[in-house]
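Asks: Coordinates in protein-v7.csv, CSV, C-alpha atoms and all ligand atoms, are listed below.
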```csv
chain,number,residue,atom,x,y,z
A,23,MET,CA,90.2,66.2,-148.5
A,24,THR,CA,88.7,64.7,-145.4
A,25,THR,CA,87.1,61.2,-145.7
A,26,LEU,CA,84.5,61.0,-143.0
A,27,ALA,CA,83.0,57.7,-142.0
A,28,ILE,CA,79.5,58.7,-143.0
A,29,SER,CA,77.6,61.3,-145.1
A,30,PHE,CA,74.1,62.5,-145.1
A,31,ASP,CA,73.2,60.0,-147.9
A,32,ASP,CA,74.2,57.1,-145.7
A,33,VAL,CA,71.7,58.3,-143.1
A,34,ALA,CA,69.0,58.8,-145.7
A,35,ALA,CA,69.7,55.3,-147.0
A,36,ALA,CA,69.5,53.9,-143.5
A,37,GLN,CA,66.1,55.5,-143.1
A,38,ARG,CA,64.8,53.6,-146.2
A,39,ARG,CA,66.3,50.3,-144.9
A,40,LEU,CA,64.6,50.8,-141.5
A,41,ALA,CA,61.2,51.7,-142.9
A,42,GLY,CA,58.6,49.3,-141.4
A,43,ILE,CA,61.2,47.8,-139.1
A,44,VAL,CA,61.8,50.4,-136.4
A,45,HIS,CA,58.9,52.3,-134.8
A,46,ARG,CA,58.6,55.9,-135.9
A,47,THR,CA,58.5,57.0,-132.3
A,48,PRO,CA,56.3,60.1,-131.6
A,49,VAL,CA,57.4,63.6,-130.8
A,50,MET,CA,56.1,64.9,-127.5
A,51,THR,CA,55.9,68.4,-126.2
A,52,SER,CA,55.3,69.9,-122.7
A,53,ARG,CA,54.2,73.4,-121.8
A,54,THR,CA,55.8,72.9,-118.4
A,55,ALA,CA,59.1,72.0,-120.0
A,56,ASP,CA,58.8,75.0,-122.3
A,57,ALA,CA,58.1,77.3,-119.4
A,58,LYS,CA,61.1,76.0,-117.5
A,59,THR,CA,63.5,76.7,-120.3
A,60,GLY,CA,61.9,79.5,-122.4
A,61,ALA,CA,62.5,77.3,-125.5
A,62,GLN,CA,60.1,75.1,-127.6
A,63,LEU,CA,61.2,71.6,-126.8
A,64,PHE,CA,60.5,68.6,-129.0
A,65,PHE,CA,61.1,65.3,-127.3
A,66,LYS,CA,61.8,62.1,-129.2
A,67,PRO,CA,61.0,59.2,-126.7
A,68,GLU,CA,63.2,56.3,-128.0
A,69,ASN,CA,62.3,54.5,-124.8
A,70,LEU,CA,59.2,53.6,-126.8
A,71,GLN,CA,61.4,52.2,-129.6
A,72,ARG,CA,61.6,48.3,-130.0
A,73,ILE,CA,64.0,47.0,-127.4
A,74,GLY,CA,63.4,50.1,-125.4
A,75,ALA,CA,66.2,52.3,-126.9
A,76,PHE,CA,67.3,53.7,-130.2
A,77,LYS,CA,70.0,51.1,-130.7
A,78,LEU,CA,67.9,48.9,-133.0
A,79,ARG,CA,68.4,51.6,-135.7
A,80,GLY,CA,72.1,51.1,-135.9
A,81,ALA,CA,72.2,47.4,-135.3
A,82,TYR,CA,69.6,46.7,-138.0
A,83,ASN,CA,71.3,49.0,-140.5
A,84,ALA,CA,74.6,47.2,-140.0
A,85,ILE,CA,73.4,43.6,-140.3
A,86,ALA,CA,71.1,44.4,-143.2
A,87,GLN,CA,74.2,45.3,-145.2
A,88,PHE,CA,76.0,41.9,-144.6
A,89,THR,CA,76.9,39.9,-147.6
A,90,PRO,CA,75.2,36.5,-148.0
A,91,GLU,CA,78.4,34.9,-146.7
A,92,GLN,CA,78.4,37.1,-143.6
A,93,ARG,CA,74.7,36.4,-143.0
A,94,ARG,CA,75.4,32.6,-143.1
A,95,ARG,CA,78.2,33.0,-140.5
A,96,GLY,CA,76.4,35.3,-138.1
A,97,VAL,CA,77.1,38.4,-136.0
A,98,VAL,CA,78.9,38.7,-132.7
A,99,THR,CA,79.1,41.6,-130.3
A,100,PHE,CA,80.2,42.5,-126.8
A,101,SER,CA,77.5,44.2,-124.7
A,102,SER,CA,75.6,43.6,-121.5
A,103,GLY,CA,73.2,46.5,-122.4
A,104,ASN,CA,71.0,47.9,-125.0
A,105,HIS,CA,73.3,47.2,-128.0
A,106,GLY,CA,73.3,43.4,-127.2
A,107,GLN,CA,69.5,43.4,-127.2
A,108,ALA,CA,69.4,45.4,-130.4
A,109,ILE,CA,71.9,43.0,-132.2
A,110,ALA,CA,69.9,40.1,-131.0
A,111,LEU,CA,66.6,41.4,-132.4
A,112,ALA,CA,68.0,42.8,-135.6
A,113,ALA,CA,69.7,39.4,-136.3
A,114,GLN,CA,66.5,37.6,-135.6
A,115,LEU,CA,64.5,39.8,-137.9
A,116,LEU,CA,67.1,39.2,-140.7
A,117,GLY,CA,67.4,35.5,-140.0
A,118,VAL,CA,71.0,35.7,-138.9
A,119,LYS,CA,72.5,33.9,-136.0
A,120,SER,CA,73.8,36.2,-133.2
A,121,THR,CA,76.2,35.7,-130.3
A,122,VAL,CA,76.4,38.3,-127.5
A,123,VAL,CA,79.4,38.2,-125.1
A,124,MET,CA,78.5,39.5,-121.6
A,125,PRO,CA,80.0,39.0,-118.1
A,126,HIS,CA,78.7,36.0,-116.2
A,127,ASP,CA,77.5,38.4,-113.5
A,128,ALA,CA,75.4,40.7,-115.9
A,129,ALA,CA,71.9,41.4,-114.7
A,130,ALA,CA,69.7,38.3,-115.1
A,131,MET,CA,67.0,40.5,-116.7
A,132,LYS,CA,69.4,41.7,-119.5
A,133,ARG,CA,70.7,38.2,-120.1
A,134,ALA,CA,67.1,36.9,-120.4
A,135,ALA,CA,66.0,39.7,-122.7
A,136,THR,CA,68.9,39.1,-125.0
A,137,GLN,CA,68.3,35.4,-125.1
A,138,GLY,CA,64.6,36.1,-125.6
A,139,TYR,CA,65.4,37.8,-128.9
A,140,GLY,CA,67.2,34.6,-130.0
A,141,ALA,CA,70.8,35.4,-129.3
A,142,GLU,CA,73.3,32.9,-127.9
A,143,VAL,CA,74.7,34.6,-124.8
A,144,LEU,CA,78.3,33.7,-124.1
A,145,GLY,CA,79.4,34.5,-120.5
A,146,TYR,CA,82.9,35.4,-119.5
A,147,ASP,CA,84.7,36.2,-116.2
A,148,ARG,CA,85.1,39.9,-116.1
A,149,TYR,CA,87.9,39.7,-113.5
A,150,ALA,CA,90.0,37.1,-115.4
A,151,GLU,CA,89.2,37.5,-119.1
A,152,ASP,CA,89.2,40.3,-121.7
A,153,PRO,CA,85.9,40.5,-123.6
A,154,GLU,CA,87.8,41.5,-126.7
A,155,GLN,CA,89.6,38.2,-126.6
A,156,VAL,CA,86.4,36.2,-126.0
A,157,LEU,CA,84.9,38.0,-129.0
A,158,GLN,CA,87.9,37.3,-131.1
A,159,ARG,CA,87.7,33.6,-130.3
A,160,VAL,CA,84.1,33.5,-131.6
A,161,VAL,CA,85.2,35.3,-134.8
A,162,GLU,CA,88.0,32.7,-135.3
A,163,GLN,CA,85.8,29.7,-134.6
A,164,THR,CA,82.7,30.7,-136.5
A,165,GLY,CA,83.7,33.5,-138.9
A,166,ALA,CA,81.0,35.7,-137.4
A,167,THR,CA,81.2,39.4,-138.2
A,168,PRO,CA,81.6,41.8,-135.2
A,169,VAL,CA,79.3,44.8,-134.9
A,170,PRO,CA,80.5,47.2,-132.2
A,171,PRO,CA,78.1,49.4,-130.3
A,172,PHE,CA,79.1,52.8,-131.7
A,173,ASP,CA,82.3,52.9,-133.7
A,174,HIS,CA,81.1,51.6,-137.0
A,175,PRO,CA,79.8,53.7,-140.0
A,176,HIS,CA,76.7,51.6,-140.5
A,177,VAL,CA,75.8,51.8,-136.8
A,178,MET,CA,76.4,55.6,-136.8
A,179,ALA,CA,74.3,56.1,-139.9
A,180,GLY,CA,71.4,54.0,-138.5
A,181,GLN,CA,71.4,56.0,-135.2
A,182,GLY,CA,71.1,59.2,-137.3
A,183,THR,CA,67.7,58.2,-138.5
A,184,ALA,CA,66.3,59.3,-135.1
A,185,ALA,CA,67.3,62.9,-136.0
A,186,LEU,CA,65.9,62.7,-139.5
A,187,GLU,CA,62.5,61.6,-138.1
A,188,LEU,CA,62.6,64.3,-135.4
A,189,ILE,CA,63.3,67.1,-138.0
A,190,GLU,CA,60.4,65.9,-140.1
A,191,GLN,CA,58.0,65.5,-137.2
A,192,SER,CA,58.8,68.8,-135.5
A,193,GLY,CA,58.7,70.9,-138.6
A,194,GLY,CA,62.2,72.3,-138.2
A,195,LEU,CA,64.8,72.8,-135.4
A,196,ASP,CA,67.5,75.2,-134.3
A,197,LEU,CA,69.2,72.8,-132.0
A,198,LEU,CA,69.3,69.0,-131.6
A,199,VAL,CA,70.5,67.5,-128.3
A,200,THR,CA,71.4,63.8,-127.7
A,201,PRO,CA,73.2,61.8,-125.0
A,202,VAL,CA,76.8,60.7,-125.7
A,203,GLY,CA,78.5,57.5,-124.8
A,204,GLY,CA,80.9,56.5,-127.6
A,205,GLY,CA,79.2,59.1,-129.8
A,206,GLY,CA,77.5,56.8,-132.4
A,207,LEU,CA,74.1,58.5,-131.8
A,208,LEU,CA,75.5,62.1,-131.8
A,209,SER,CA,77.7,61.6,-134.9
A,210,GLY,CA,74.8,60.1,-136.8
A,211,CYS,CA,72.3,62.8,-135.7
A,212,ALA,CA,74.8,65.6,-136.4
A,213,THR,CA,75.3,64.2,-139.9
A,214,ALA,CA,71.5,64.0,-140.4
A,215,LEU,CA,71.3,67.7,-139.5
A,216,SER,CA,74.0,68.6,-141.9
A,217,GLY,CA,71.8,67.6,-144.8
A,218,ALA,CA,68.2,68.0,-143.5
A,219,ALA,CA,68.6,71.1,-141.3
A,220,PRO,CA,72.0,72.7,-142.2
A,221,LEU,CA,71.5,75.8,-140.0
A,222,ALA,CA,70.7,73.7,-136.9
A,223,LYS,CA,73.4,72.8,-134.4
A,224,ALA,CA,73.9,69.4,-132.7
A,225,ILE,CA,74.9,69.3,-129.1
A,226,GLY,CA,75.9,66.1,-127.2
A,227,VAL,CA,75.5,65.6,-123.4
A,228,GLU,CA,77.8,63.4,-121.3
A,229,PRO,CA,77.8,62.5,-117.7
A,230,GLU,CA,79.9,65.1,-115.8
A,231,ALA,CA,81.9,62.3,-114.2
A,232,GLY,CA,82.9,61.0,-117.7
A,233,ASN,CA,83.4,64.0,-120.0
A,234,ASP,CA,86.1,62.4,-122.2
A,235,GLY,CA,84.2,63.5,-125.3
A,236,GLN,CA,84.1,67.1,-124.2
A,237,GLN,CA,87.8,66.9,-123.4
A,238,SER,CA,88.5,65.3,-126.8
A,239,LEU,CA,86.8,68.1,-128.8
A,240,GLU,CA,88.7,70.7,-126.8
A,241,ARG,CA,92.1,69.1,-127.3
A,242,GLY,CA,91.6,68.0,-130.9
A,243,GLU,CA,92.4,64.3,-130.2
A,244,ILE,CA,90.6,61.4,-128.6
A,245,VAL,CA,91.0,61.4,-124.8
A,246,ARG,CA,90.7,58.1,-122.9
A,247,ILE,CA,89.5,57.9,-119.3
A,248,GLU,CA,88.8,55.2,-116.7
A,249,THR,CA,85.3,53.9,-116.6
A,250,PRO,CA,83.4,56.8,-115.0
A,251,LYS,CA,81.2,56.4,-111.9
A,252,THR,CA,77.8,57.6,-112.8
A,253,ILE,CA,74.2,56.4,-112.8
A,254,ALA,CA,74.2,56.9,-116.6
A,255,ASP,CA,75.3,53.3,-117.3
A,256,ALA,CA,74.7,53.4,-121.0
A,257,ALA,CA,77.2,56.3,-121.3
A,258,GLN,CA,80.0,54.8,-119.4
A,259,SER,CA,82.2,54.4,-122.4
A,260,ARG,CA,85.8,55.4,-122.0
A,261,ASN,CA,86.4,57.2,-125.3
A,262,LEU,CA,84.8,58.4,-128.5
A,263,GLY,CA,85.1,56.1,-131.5
A,264,ARG,CA,87.8,56.7,-134.1
A,265,HIS,CA,85.1,56.9,-136.8
A,266,VAL,CA,83.0,59.1,-134.6
A,267,PHE,CA,85.5,61.8,-133.6
A,268,PRO,CA,86.4,63.2,-137.0
A,269,VAL,CA,82.7,63.6,-137.8
A,270,LEU,CA,82.0,65.6,-134.6
A,271,GLN,CA,85.1,67.7,-135.2
A,272,HIS,CA,84.2,68.4,-138.9
A,273,LEU,CA,80.6,69.3,-138.1
A,274,GLY,CA,81.6,71.6,-135.2
A,275,THR,CA,79.5,69.7,-132.7
A,276,ARG,CA,79.7,70.7,-129.0
A,277,ILE,CA,79.5,68.5,-126.0
A,278,VAL,CA,78.3,69.6,-122.5
A,279,THR,CA,77.6,67.7,-119.3
A,280,ALA,CA,75.0,66.8,-116.8
A,281,THR,CA,75.4,65.6,-113.2
A,282,ASP,CA,73.7,62.5,-111.6
A,283,PRO,CA,71.3,64.6,-109.4
A,284,GLN,CA,70.3,66.5,-112.6
A,285,LEU,CA,69.5,63.2,-114.3
A,286,ILE,CA,67.4,62.1,-111.3
A,287,ASP,CA,65.4,65.3,-111.4
A,288,ALA,CA,64.8,64.8,-115.1
A,289,MET,CA,63.7,61.2,-114.6
A,290,LYS,CA,61.2,62.4,-112.0
A,291,PHE,CA,59.9,65.1,-114.4
A,292,PHE,CA,59.3,62.6,-117.2
A,293,GLY,CA,57.8,60.0,-114.9
A,294,SER,CA,55.4,62.3,-113.2
A,295,ARG,CA,54.6,65.0,-115.8
A,296,MET,CA,55.0,63.1,-119.2
A,297,LYS,CA,54.3,59.5,-118.1
A,298,LEU,CA,57.6,58.4,-119.6
A,299,VAL,CA,59.8,55.8,-117.9
A,300,LEU,CA,63.4,56.8,-118.8
A,301,GLU,CA,66.7,55.2,-117.8
A,302,PRO,CA,69.2,57.7,-116.4
A,303,THR,CA,71.3,57.9,-119.6
A,304,GLY,CA,68.1,58.6,-121.5
A,305,CYS,CA,67.7,61.9,-119.6
A,306,LEU,CA,71.1,63.5,-120.4
A,307,GLY,CA,69.8,65.8,-123.1
A,308,ALA,CA,66.8,67.0,-121.2
A,309,ALA,CA,68.8,67.4,-118.0
A,310,ALA,CA,71.2,69.8,-119.8
A,311,ALA,CA,68.3,71.8,-121.2
A,312,PHE,CA,66.7,72.1,-117.7
A,313,SER,CA,70.0,73.0,-116.0
A,314,GLY,CA,71.1,75.7,-118.4
A,315,ALA,CA,74.1,73.7,-119.6
A,316,LEU,CA,73.0,74.2,-123.2
A,317,GLY,CA,73.5,78.0,-122.8
A,318,ASP,CA,70.8,80.5,-123.7
A,319,ILE,CA,68.1,78.5,-125.6
A,320,ARG,CA,65.2,81.0,-125.0
A,321,GLY,CA,63.1,81.3,-128.1
A,322,LEU,CA,64.8,78.3,-129.9
A,323,ARG,CA,63.2,75.2,-131.3
A,324,VAL,CA,65.1,72.4,-129.5
A,325,GLY,CA,64.9,68.7,-130.4
A,326,ILE,CA,65.9,66.3,-127.6
A,327,VAL,CA,66.4,62.6,-128.1
A,328,LEU,CA,65.3,60.7,-125.0
A,329,SER,CA,67.5,57.7,-125.8
A,330,GLY,CA,66.1,54.8,-123.8
A,331,GLY,CA,64.1,53.4,-120.9
A,332,ASN,CA,65.7,50.1,-119.9
A,333,VAL,CA,66.0,50.3,-116.2
A,334,ASP,CA,64.8,47.6,-113.9
A,335,LEU,CA,61.8,48.7,-111.8
A,336,ALA,CA,63.4,48.4,-108.4
A,337,ARG,CA,66.3,50.6,-109.5
A,338,TYR,CA,63.9,53.0,-111.1
A,339,ALA,CA,61.9,53.2,-107.9
A,340,SER,CA,65.0,53.8,-105.7
A,341,LEU,CA,66.3,56.5,-108.0
A,342,VAL,CA,63.0,58.5,-108.4
A,343,GLY,CA,61.6,57.6,-104.9
A,344,GLY,CA,64.1,59.6,-102.9
B,401,LIG,C1,74.0,53.4,-126.2
B,401,LIG,C2,73.2,54.4,-125.5
B,401,LIG,C3,73.6,55.8,-125.4
B,401,LIG,C4,74.9,56.3,-125.9
B,401,LIG,O1,75.0,56.1,-127.3
B,401,LIG,P1,76.4,56.2,-128.1
B,401,LIG,O2,76.1,56.0,-129.5
B,401,LIG,O3,77.3,55.2,-127.5
B,401,LIG,O4,76.9,57.6,-127.8
B,401,LIG,C5,72.7,56.7,-124.8
B,401,LIG,N1,71.5,56.2,-124.3
B,401,LIG,C6,71.1,55.0,-124.3
B,401,LIG,C7,69.8,54.6,-123.7
B,401,LIG,C8,71.9,54.0,-124.9
B,401,LIG,O5,71.5,52.7,-125.0
```
Using structure tokens, write down the structure from this file.
Replies:
Amino acid sequence: MTTLAISFDDVAAAQRRLAGIVHRTPVMTSRTADAKTGAQLFFKPENLQRIGAFKLRGAYNAIAQFTPEQRRRGVVTFSSGNHGQAIALAAQLLGVKSTVVMPHDAAAMKRAATQGYGAEVLGYDRYAEDPEQVLQRVVEQTGATPVPPFDHPHVMAGQGTAALELIEQSGGLDLLVTPVGGGGLLSGCATALSGAAPLAKAIGVEPEAGNDGQQSLERGEIVRIETPKTIADAAQSRNLGRHVFPVLQHLGTRIVTATDPQLIDAMKFFGSRMKLVLEPTGCLGAAAAFSGALGDIRGLRVGIVLSGGNVDLARYASLVGG
């Protein structure tokens, strides 16, 4: 018997826990996008979620299940990105102290946003120190509980609630497409489908420069790569999680890729046609639909999670302005 990290019931329970906490983001459609692909596309803009990305779903679902003792001692994580902000806000909403470890040279805006949600930001020297060791020191000194960005059953189940909503709001799907970094979002969404839309298939999309997940599913074991060079900075993880991988394998989930120029084209499409500001990683699913990487999707009902929109304006302008 396989013991997978999460089941459909875990995703359904997460949805009840998150009710009234996360926004039920809308579902948007576009005749232009449908005409481009021949499919019926249902976009879930999680850039409109609190903190600007889906990550609050998993972070809140994890901290909400802390024991009273864990709540007293706090939560700690390592992230200079969306997960750090999600942990900070989730902890604040639950009255728990949070510490977010990030490099001294992380973007000032990200640091300020994380502190703005009430987290203590602990800087480290990325050339001299290992963030895992910095995090471990916090755990030893304070007894705080670490919540990693993707490889945790409660995080995975929380992320899956995006798919549950999308299935309900769209009135049924043949295919559900999400970006892939460490695979927390994809594994949660694939698990949501397995119970709520069992005939539908989940497909993950990685940056072409960092297709470790695709390689892992092909080889049947977790493949580790060097940090990939891509503008999709929220999907620069080096390997799928060990809780994530068996779920993807068991559910027969596929992973395809998108290139940086395809991501830029998609950012332009969403900015100009749908008035949505998306970060490059947020466009992975749509870029694959537009490029044909998903295969023949004509006539299908395809849900696409637009995972986030946290990109500073100067960078956004330089990416879409060219
Ligand atoms: C974290 C993140 C991802 C990747 O999620 P995983 O669970 O690591 O696969 C994709 N898009 C955005 C905007 C993110 O913040």
Asks: Between A:Ser209, A:Thr275, A:Gln158, A:Thr51, which is the closest to ligand LIG 401 (chain B) once you count all atoms listed in the file?
Replies: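 Among the listed residues, A:Ser209 lies closest to ligand LIG 401 (chain B).
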Asks: Counting all atoms listed in the file, which of A:Leu63, A:Met289, A:Ile109, A:Ala75 gets nearest to ligand LIG 401 (chain B)?
Replies: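 Nearest candidate to ligand LIG 401 (chain B) out of A:Leu63, A:Met289, A:Ile109, A:Ala75: A:Ala75.
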Asks: Counting all atoms listed in the file, which of A:Leu322, A:Ala113, A:Cys305, A:Ala257 gets nearest to ligand LIG 401 (chain B)?
Replies: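 Distance minimum relative to ligand LIG 401 (chain B) lands on A:Ala257.
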Asks: Show which residues sit within 12 Å of Glu228 (chain A), as a short mmCIF file (atom, residue, chain, number, x, y, z; two decimals) with C-alpha atoms, in the frame of the given file. Count all atoms listed in the file, and ignore same-chain residues fewer than 4 positions away.
Replies:
```
data_model
loop_
_atom_site.label_atom_id
_atom_site.label_comp_id
_atom_site.auth_asym_id
_atom_site.auth_seq_id
_atom_site.Cartn_x
_atom_site.Cartn_y
_atom_site.Cartn_z
CA VAL A 199 70.50 67.50 -128.30
CA THR A 200 71.40 63.80 -127.70
CA PRO A 201 73.20 61.80 -125.00
CA VAL A 202 76.80 60.70 -125.70
CA GLY A 203 78.50 57.50 -124.80
CA GLY A 204 80.90 56.50 -127.60
CA GLY A 205 79.20 59.10 -129.80
CA LEU A 208 75.50 62.10 -131.80
CA GLY A 232 82.90 61.00 -117.70
CA ASN A 233 83.40 64.00 -120.00
CA ASP A 234 86.10 62.40 -122.20
CA GLY A 235 84.20 63.50 -125.30
CA GLN A 236 84.10 67.10 -124.20
CA GLN A 237 87.80 66.90 -123.40
CA PRO A 250 83.40 56.80 -115.00
CA THR A 252 77.80 57.60 -112.80
CA ILE A 253 74.20 56.40 -112.80
CA ALA A 254 74.20 56.90 -116.60
CA ASP A 255 75.30 53.30 -117.30
CA ALA A 256 74.70 53.40 -121.00
CA ALA A 257 77.20 56.30 -121.30
CA GLN A 258 80.00 54.80 -119.40
CA SER A 259 82.20 54.40 -122.40
CA ARG A 260 85.80 55.40 -122.00
CA ASN A 261 86.40 57.20 -125.30
CA LEU A 262 84.80 58.40 -128.50
CA ARG A 276 79.70 70.70 -129.00
CA ILE A 277 79.50 68.50 -126.00
CA VAL A 278 78.30 69.60 -122.50
CA THR A 279 77.60 67.70 -119.30
CA ALA A 280 75.00 66.80 -116.80
CA THR A 281 75.40 65.60 -113.20
CA ASP A 282 73.70 62.50 -111.60
CA GLN A 284 70.30 66.50 -112.60
CA LEU A 285 69.50 63.20 -114.30
CA PRO A 302 69.20 57.70 -116.40
CA THR A 303 71.30 57.90 -119.60
CA GLY A 304 68.10 58.60 -121.50
CA CYS A 305 67.70 61.90 -119.60
CA LEU A 306 71.10 63.50 -120.40
CA GLY A 307 69.80 65.80 -123.10
CA ALA A 308 66.80 67.00 -121.20
CA ALA A 309 68.80 67.40 -118.00
CA ALA A 310 71.20 69.80 -119.80
CA ALA A 315 74.10 73.70 -119.60
CA LEU A 316 73.00 74.20 -123.20
#
```
Asks: A:Val122, A:Leu78, A:Leu239, A:Leu186: which is nearest ligand LIG 401 (chain B), counting only C-alpha atoms and all ligand atoms?
Replies: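 Among the listed residues, the smallest separation from ligand LIG 401 (chain B) belongs to A:Leu78.
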Asks: Identify which of the residues A:Ala57, A:Ile28, A:Val177, A:Leu116 lies closest to ligand LIG 401 (chain B), counting all atoms listed in the file when measuring atom-to-atom distances.
Replies: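 Ranked by minimum distance to ligand LIG 401 (chain B), first place goes to A:Val177.
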Asks: Tell me which protein, DNA and RNA residues are within 12 Å of Ala86 (chain A), counting all atoms listed in the file, leaving out same-chain ones fewer than 5 positions away, and put them as a list in words.
Replies: Ala35, Ala36, Arg38, Arg39, Leu40, Ile43, Leu78, Arg79, Gly80, Ala81, Gln92, Arg93, Gly96, Val97, Ile109, Ala112, Ala113, Gln114, Leu115, Leu116, Gly117, Val118, Val169, His176, Val177 and Gly180 of chain A
Asks: Expressed in Å to a single decimal, how great is the separation between CA of Ala222 (chain A) and CA of Leu270 (chain A)?
Replies: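 Between these atoms lies a distance of 14.1 Å.
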Asks: With distances taken over only C-alpha atoms, which of A:Ala108, A:Ala184, A:Ala219, A:Val245 is nearest to Ser329 (chain A)?
Replies: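 Looking only at the distances to Ser329 (chain A), the closest residue turns out to be A:Ala184.
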Asks: Rounded to one decimal, what separation in Å do you get between CA of Lys297 (chain A) and CA of Gly321 (chain A)?
Replies: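 The value is 25.5 Å.
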Asks: So what do you get for CA of Thr249 (chain A) versus CA of Glu230 (chain A), distance-wise?
Replies: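 Between CA of Thr249 (chain A) and CA of Glu230 (chain A) the gap is 12.5 Å.
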Asks: Excluding same-chain residues fewer than 3 positions from Leu144 (chain A), what lies within 10 Å of it counting only C-alpha atoms, as number ranges by chain?
Replies: A: 98, 100, 121-126, 133, 141, 156-157, 160
Asks: Could you save the residues just selected, with C-alpha atoms, as a JSON list (two decimals), in the frame of the given file?
Replies:
```
[["chain", "number", "residue", "atom", "x", "y", "z"],
["A", 98, "VAL", "CA", 78.90, 38.70, -132.70],
["A", 100, "PHE", "CA", 80.20, 42.50, -126.80],
["A", 121, "THR", "CA", 76.20, 35.70, -130.30],
["A", 122, "VAL", "CA", 76.40, 38.30, -127.50],
["A", 123, "VAL", "CA", 79.40, 38.20, -125.10],
["A", 124, "MET", "CA", 78.50, 39.50, -121.60],
["A", 125, "PRO", "CA", 80.00, 39.00, -118.10],
["A", 126, "HIS", "CA", 78.70, 36.00, -116.20],
["A", 133, "ARG", "CA", 70.70, 38.20, -120.10],
["A", 141, "ALA", "CA", 70.80, 35.40, -129.30],
["A", 156, "VAL", "CA", 86.40, 36.20, -126.00],
["A", 157, "LEU", "CA", 84.90, 38.00, -129.00],
["A", 160, "VAL", "CA", 84.10, 33.50, -131.60]]
```
Asks: Residues near Gln191 (chain A), anyone? I mean within 12 Å using all atoms listed in the file, not counting same-chain ones fewer than 4 positions away, as a PyMOL selection string.
Replies: chain A and resi 46-51+64-66+184-187+195+325
